[in-house]
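Here's the structure, in structure tokens; my notes come after.
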Amino acid sequence: MILKTEQDTIKYAKKMAGEITAPAIFALNGDLGAGKTTFVRGFIQALCGNIAVPSPTFTLMQEYETPKGTLLHVDLYRIHDLSEIQELGLEEYFDKAIIFIEWPDRMDLPKNTIQFEFHRTSEGLQITRN
């Protein structure tokens with residue numbers, strides 16, 4: 001799927017938010033600036049209204065309470081050691097929350113994780129769901 005604008009990305013995320021229930025784990029793969037955070041922001045705002053959704057690059061994890069339960073937005077870009085991930089306590093949410101993980105290659109993920117690939121092309125943002 002090719003999304004031509006940022007608004008198209010948000011629209012797609014909001015549509016998906018209406019279809020997803022917990023538990024669900026999403027691995028978001030793609031380069032810096034590919035649109036991963038924009039996508040998650042649209043998903044969260046579909047459930048929580050027009051709230052501020054900062055990138056969790058420095059906090060590593062942001063937690064939101066939504067009508068569908070707990071939602072975590074995780075960014076592992078700055079993680080260099082597996083013990084740092086263990087300190088987050090992320091695994092305790094695997095069976096009960098909606099979780100979006102940016103830079104998921106930094107950890108072992110459950111087998112039921114849904115993989116998304118984000119790539120910028122000359123036509124826009126290409127999102128592939130595996």
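Going by the structure tokens order, chains are called A, B, ..., each with residues numbered from 1, while ligands are numbered from 1 in the order shown.
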When DSSP works through the backbone of this structure, what residues of chain A end up as strand (DSSP E or B), shown as number ranges by chain? A: 2-3, 24-30, 61-66, 69-75, 98-102, 114-121, 124-129
Go ahead and save the picked residues with N, CA and C atoms, as a tab-separated table (two decimals), in the first residue's frame.
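Dumped to part.tsv:
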chain	number	residue	atom	x	y	z
A	2	ILE	N	0.56	2.18	-0.84
A	2	ILE	CA	1.28	3.46	-0.91
A	2	ILE	C	0.37	4.55	-0.36
A	3	LEU	N	0.87	5.29	0.62
A	3	LEU	CA	0.15	6.41	1.20
A	3	LEU	C	0.88	7.68	0.78
A	24	ALA	N	-2.47	-7.38	21.01
A	24	ALA	CA	-1.91	-7.30	19.66
A	24	ALA	C	-0.54	-6.64	19.75
A	25	ILE	N	0.43	-7.23	19.08
A	25	ILE	CA	1.79	-6.69	19.09
A	25	ILE	C	2.20	-6.41	17.65
A	26	PHE	N	2.66	-5.19	17.42
A	26	PHE	CA	3.06	-4.76	16.09
A	26	PHE	C	4.52	-4.34	16.10
A	27	ALA	N	5.31	-4.94	15.23
A	27	ALA	CA	6.71	-4.55	15.04
A	27	ALA	C	6.76	-3.60	13.85
A	28	LEU	N	7.25	-2.40	14.08
A	28	LEU	CA	7.30	-1.37	13.04
A	28	LEU	C	8.74	-1.20	12.58
A	29	ASN	N	9.03	-1.68	11.40
A	29	ASN	CA	10.37	-1.65	10.83
A	29	ASN	C	10.46	-0.56	9.78
A	30	GLY	N	11.56	0.17	9.77
A	30	GLY	CA	11.77	1.20	8.77
A	30	GLY	C	12.82	2.19	9.22
A	61	MET	N	9.28	4.29	26.32
A	61	MET	CA	7.94	3.70	26.29
A	61	MET	C	6.91	4.72	26.80
A	62	GLN	N	5.83	4.86	26.07
A	62	GLN	CA	4.71	5.69	26.49
A	62	GLN	C	3.50	4.77	26.66
A	63	GLU	N	2.77	4.96	27.71
A	63	GLU	CA	1.58	4.14	27.99
A	63	GLU	C	0.33	5.00	27.90
A	64	TYR	N	-0.69	4.45	27.25
A	64	TYR	CA	-1.97	5.14	27.08
A	64	TYR	C	-3.09	4.21	27.52
A	65	GLU	N	-4.06	4.77	28.20
A	65	GLU	CA	-5.27	4.02	28.53
A	65	GLU	C	-6.32	4.40	27.49
A	66	THR	N	-6.83	3.41	26.78
A	66	THR	CA	-7.77	3.63	25.70
A	66	THR	C	-9.05	2.85	25.98
A	69	GLY	N	-8.36	-0.73	26.16
A	69	GLY	CA	-7.37	-1.17	27.15
A	69	GLY	C	-6.06	-0.44	27.00
A	70	THR	N	-5.04	-0.99	27.63
A	70	THR	CA	-3.73	-0.37	27.63
A	70	THR	C	-3.09	-0.47	26.25
A	71	LEU	N	-2.46	0.62	25.84
A	71	LEU	CA	-1.71	0.68	24.59
A	71	LEU	C	-0.32	1.19	24.93
A	72	LEU	N	0.70	0.50	24.43
A	72	LEU	CA	2.08	0.92	24.63
A	72	LEU	C	2.69	1.31	23.30
A	73	HIS	N	3.41	2.41	23.31
A	73	HIS	CA	4.20	2.84	22.15
A	73	HIS	C	5.65	2.80	22.61
A	74	VAL	N	6.42	1.91	22.02
A	74	VAL	CA	7.79	1.64	22.45
A	74	VAL	C	8.75	1.97	21.32
A	75	ASP	N	9.86	2.62	21.66
A	75	ASP	CA	10.89	2.94	20.69
A	75	ASP	C	12.22	2.42	21.25
A	98	ILE	N	-2.29	-3.61	23.57
A	98	ILE	CA	-1.93	-3.31	22.19
A	98	ILE	C	-0.55	-2.65	22.27
A	99	ILE	N	0.41	-3.21	21.55
A	99	ILE	CA	1.79	-2.73	21.66
A	99	ILE	C	2.35	-2.44	20.26
A	100	PHE	N	2.90	-1.24	20.11
A	100	PHE	CA	3.61	-0.86	18.90
A	100	PHE	C	5.08	-0.72	19.27
A	101	ILE	N	5.95	-1.45	18.57
A	101	ILE	CA	7.38	-1.42	18.88
A	101	ILE	C	8.16	-0.93	17.66
A	102	GLU	N	8.76	0.25	17.81
A	102	GLU	CA	9.66	0.76	16.78
A	102	GLU	C	11.06	0.22	17.05
A	114	ILE	N	2.79	-9.00	14.64
A	114	ILE	CA	2.48	-8.61	13.27
A	114	ILE	C	3.56	-7.62	12.81
A	115	GLN	N	4.20	-7.93	11.71
A	115	GLN	CA	5.30	-7.11	11.19
A	115	GLN	C	4.79	-6.09	10.16
A	116	PHE	N	5.24	-4.87	10.32
A	116	PHE	CA	4.98	-3.81	9.34
A	116	PHE	C	6.33	-3.28	8.84
A	117	GLU	N	6.41	-3.05	7.55
A	117	GLU	CA	7.60	-2.44	6.95
A	117	GLU	C	7.20	-1.07	6.41
A	118	PHE	N	7.96	-0.04	6.75
A	118	PHE	CA	7.71	1.33	6.30
A	118	PHE	C	8.87	1.76	5.41
A	119	HIS	N	8.57	2.14	4.17
A	119	HIS	CA	9.61	2.58	3.23
A	119	HIS	C	9.11	3.81	2.46
A	120	ARG	N	9.97	4.82	2.40
A	120	ARG	CA	9.68	6.01	1.59
A	120	ARG	C	10.04	5.72	0.14
A	121	THR	N	9.13	6.05	-0.75
A	121	THR	CA	9.39	5.91	-2.18
A	121	THR	C	9.10	7.26	-2.84
A	124	GLY	N	5.43	8.06	-2.25
A	124	GLY	CA	4.91	8.27	-0.91
A	124	GLY	C	5.43	7.21	0.04
A	125	LEU	N	4.67	6.95	1.08
A	125	LEU	CA	5.03	5.96	2.09
A	125	LEU	C	4.45	4.61	1.71
A	126	GLN	N	5.34	3.63	1.58
A	126	GLN	CA	4.87	2.26	1.30
A	126	GLN	C	4.86	1.51	2.62
A	127	ILE	N	3.67	0.98	2.97
A	127	ILE	CA	3.53	0.16	4.18
A	127	ILE	C	3.16	-1.25	3.73
A	128	THR	N	3.94	-2.20	4.21
A	128	THR	CA	3.69	-3.59	3.93
A	128	THR	C	3.43	-4.31	5.24
A	129	ARG	N	2.36	-5.06	5.31
A	129	ARG	CA	2.02	-5.81	6.52
A	129	ARG	C	2.28	-7.28	6.25
Could you name the residues that touch Arg106 (chain A) at 8 Å or less, counting only C-alpha atoms, but leaving out those on the same chain fewer than 5 positions away, as a ChimeraX atom specification? /A:76-77,79-80,82
Residues near Gly42 (chain A), cut-off 9 Å, only C-alpha atoms, skip fewer than 3 positions along chain, as an MDAnalysis selection string: chainID A and resid 7 9:14 17 37:39 45:47 53
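Going from CA of Asp81 (chain A) over to CA of Thr59 (chain A), you cover 15.8 Å.
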Selected residue, from A:Glu84, A:Ile20, A:Arg78, A:Tyr93, that lies nearest to Phe58 (chain A) when counting only C-alpha atoms: A:Arg78
Can you work out the spacing between CA of Leu88 (chain A) and CA of Asn112 (chain A) in Å, to one decimal?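 Going from CA of Leu88 (chain A) over to CA of Asn112 (chain A), I get 20.3 Å.
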DSSP on the backbone, then: every residue of region 25-102 of chain A marked helix (DSSP H, G or I), written as JSON, numbers by chain. {"A": [36, 37, 38, 39, 40, 41, 42, 43, 44, 45, 46, 47, 48, 82, 83, 84, 85, 86, 87, 88, 90, 91, 92, 93]}
Residue selection dump (C-alpha atoms) as a PDB file, in the first residue's frame:
ATOM      1  CA  LYS A  36       6.309   4.895  12.038  1.00  0.00           C
ATOM      2  CA  THR A  37       5.553   7.430  14.769  1.00  0.00           C
ATOM      3  CA  THR A  38       3.037   9.260  12.574  1.00  0.00           C
ATOM      4  CA  PHE A  39       1.223   5.964  12.055  1.00  0.00           C
ATOM      5  CA  VAL A  40       1.116   5.189  15.798  1.00  0.00           C
ATOM      6  CA  ARG A  41       0.036   8.757  16.575  1.00  0.00           C
ATOM      7  CA  GLY A  42      -2.951   8.357  14.236  1.00  0.00           C
ATOM      8  CA  PHE A  43      -3.875   5.033  15.850  1.00  0.00           C
ATOM      9  CA  ILE A  44      -3.709   6.459  19.387  1.00  0.00           C
ATOM     10  CA  GLN A  45      -5.632   9.609  18.481  1.00  0.00           C
ATOM     11  CA  ALA A  46      -8.379   7.474  16.915  1.00  0.00           C
ATOM     12  CA  LEU A  47      -8.882   5.854  20.320  1.00  0.00           C
ATOM     13  CA  CYS A  48      -8.085   8.743  22.685  1.00  0.00           C
ATOM     14  CA  LEU A  82      18.917  -6.581  26.383  1.00  0.00           C
ATOM     15  CA  SER A  83      18.867  -5.793  30.120  1.00  0.00           C
ATOM     16  CA  GLU A  84      17.532  -2.318  29.280  1.00  0.00           C
ATOM     17  CA  ILE A  85      14.494  -3.932  27.639  1.00  0.00           C
ATOM     18  CA  GLN A  86      13.969  -6.219  30.624  1.00  0.00           C
ATOM     19  CA  GLU A  87      13.910  -3.132  32.896  1.00  0.00           C
ATOM     20  CA  LEU A  88      10.952  -1.760  30.900  1.00  0.00           C
ATOM     21  CA  LEU A  90       7.440  -4.933  28.392  1.00  0.00           C
ATOM     22  CA  GLU A  91       6.891  -8.696  28.436  1.00  0.00           C
ATOM     23  CA  GLU A  92       4.243  -8.423  31.163  1.00  0.00           C
ATOM     24  CA  TYR A  93       2.024  -6.596  28.639  1.00  0.00           C
TER      25      TYR A  93
END
